[in-house]
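Novice: Take this structure first; my questions come after.
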Amino acid sequence: MKLYFSLLLICLLTACKSTEQQSSVAPTLTSLLNHTLFELQQVPSEQVIFQLPNDEAKIFLSYVENQRQDGLTDDIILYNYIERSFSNFSYHGDTLTAEQTLELSHGNCISLAILTQAYANLIDLETGFQEMTSQPVYAKEGNLVFIANHFRTKLYSPFTEDEDQITFIRPGVLIDYFPSRGSFYVGSASYEDLIAKYYSNLAADALLENDYNQVYSLLIKANQYAPNDAELFNLAAILHRRINDKTTSQLIYQTALDQQLQSLNLLSNYKVLAEDIGNEMLVEQINSLLGAQEKDPYELIALGETEALSGRLMSAKKHIDEAINKAPYLADPYVALAKIRYQQGNLNDAHKLLKQAMDLERDHQQRSIYAAKLAAIRSHQ
């Protein structure tokens with residue numbers, strides 16, 4: 001905002017002398033893409049994403065009318081409907097439309113946020129979103145690691161004016177679809193961010209399938225809703241690097257940094273590119289940016305995993321140690337550090353760290369996985 005104000009002031013002071021000059025406009029992501037390398041394909045429309053089957057829409061609206069007669073507000077009504085309807089849903093990594101999520105009775109948090117929004121659209125209920133980091137699902141491709149955030153939905157209570165009451169926080173109901181005891185708040189998000197996340201998740205899946213035209217098409221669609229999303233710049237740069245257009249890849253990364261668009265994913269993967277092209281000065285510059293960026297424990301784990309994949313075990317250990325210092329109650333960083341110590345040949349430390357993780361982990365299935373890893377280490381001691 002300060003930069004904009006300064007530019008505006010300069011324009012006002014020099015208007016009579018600079019009518020021939022044009023203010024510079026930051027390049028958009030779509031203007032940076034090498035369009036000659038791809039073919040545009042059809043992708044789901046916004047309407048398709050939130051469309052519900054007619055029968056389900058009728059059932060829901062009938063439920064709402066009955067509940068309104070009991071004096072309940074729409075945010076409570078929708079929350080109760082979701083709690084009742086989603087009880088048999090299971091987590092699945094796919095990002096789905098509302099109709100697909102209903103049909104399959106599974107999906108990730110974005111899928112369920114989309115389904116919730118589809119119901120909210122039917123009754124014009126205002127919503128908001130929170131972006132969170134929690135235990136990440138890593139998509140490893142070569143020496144790239146992605147950490148994916150998840151969304152929570154806020155159903156706002158209908159607004160009522162009360163002259164005698166000042167409200168600092170809008171009342172409503174917060175829905176966390178797959179709650180984790182280790183979640184960390186990233187920031188607020190909008191309806192447009194949710195749509196962009198749908199398309200970008202599909203683009204990431206298409207990238208892993210080497211379907212580059214589909215990645216390109218989904219990126220363009222996502223960019224319409226979130227033109228300043230650092231993760232979209234990161235995904236676009238990875239796409240061009242994958243087809244060996246490193247010049248465009250670097251241009252996309254650098255433009256993001258010039259526009260102050262940064263994320264752990266973007267910086268980490270830009271560093272991979274800088275190392276690949278042998279630009280040591282750029283590597284140091286990115287390292288400085290990575291060091292200055294505030295990171296939550298799961299981002300530190302992701303950064304450590306990235307370093308470990310590149311064989312930089314000492315640097316990886318440093319990031320994981322910092323994650324433990326920030327959140328000593330989480331099992332995940334101890335497991336990540338155990339992997340590193342195992343790679344370094346220190347089986348005793350790996351054994352102790354996995355034991356600590358087991359003591360902290362509450363999920364029985366995860367405890368069983370850690371127990372199996374412990375048994376494997378013992379067999380090599």
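Simple scheme: letters A, B, ... for chains in structure tokens order, numbers from 1 for residues in each chain, numbers from 1 for ligands in the order shown.
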Quick one: residues within 8 Å of range 245-254 of chain A, only C-alpha atoms, excluding same-chain residues fewer than 4 positions away - as a count of residues only?

Specialist: 16

Novice: Could you check how far CA of Gly304 in chain A sits from CA of His319 in chain A, in Å to one decimal?

Specialist: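 Computing it gives 5.3 Å between the two atoms.
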
Novice: Among range 263-380 of chain A, which residues does DSSP mark as helix (DSSP H, G or I) when it is run on the backbone? Keep the chain and numbering as in the structure and answer as a PyMOL selection string.

Specialist: chain A and resi 264-276+280-292+297-309+313-326+332-343+347-360+364-380

Novice: Would you kindly return, as a VMD selection string, each protein, DNA or RNA residue with an atom no farther than 12 Å from any atom of Asn54 in chain A, considering only C-alpha atoms and excluding same-chain residues fewer than 5 positions away?

Specialist: chain A and resid 59 to 61 99 119 122

Novice: Export C-alpha atoms of the chosen residues as an mmCIF file, in the first residue's frame?

Specialist:
```cif
data_model
loop_
_atom_site.group_PDB
_atom_site.id
_atom_site.type_symbol
_atom_site.label_atom_id
_atom_site.label_comp_id
_atom_site.auth_asym_id
_atom_site.auth_seq_id
_atom_site.Cartn_x
_atom_site.Cartn_y
_atom_site.Cartn_z
ATOM 1 C CA ILE A 59 -34.352 -33.147 0.939
ATOM 2 C CA PHE A 60 -32.070 -30.464 2.357
ATOM 3 C CA LEU A 61 -34.472 -27.578 1.737
ATOM 4 C CA GLU A 99 -21.970 -34.362 -6.255
ATOM 5 C CA TYR A 119 -25.699 -26.471 0.716
ATOM 6 C CA LEU A 122 -29.117 -23.094 -1.605
#
```
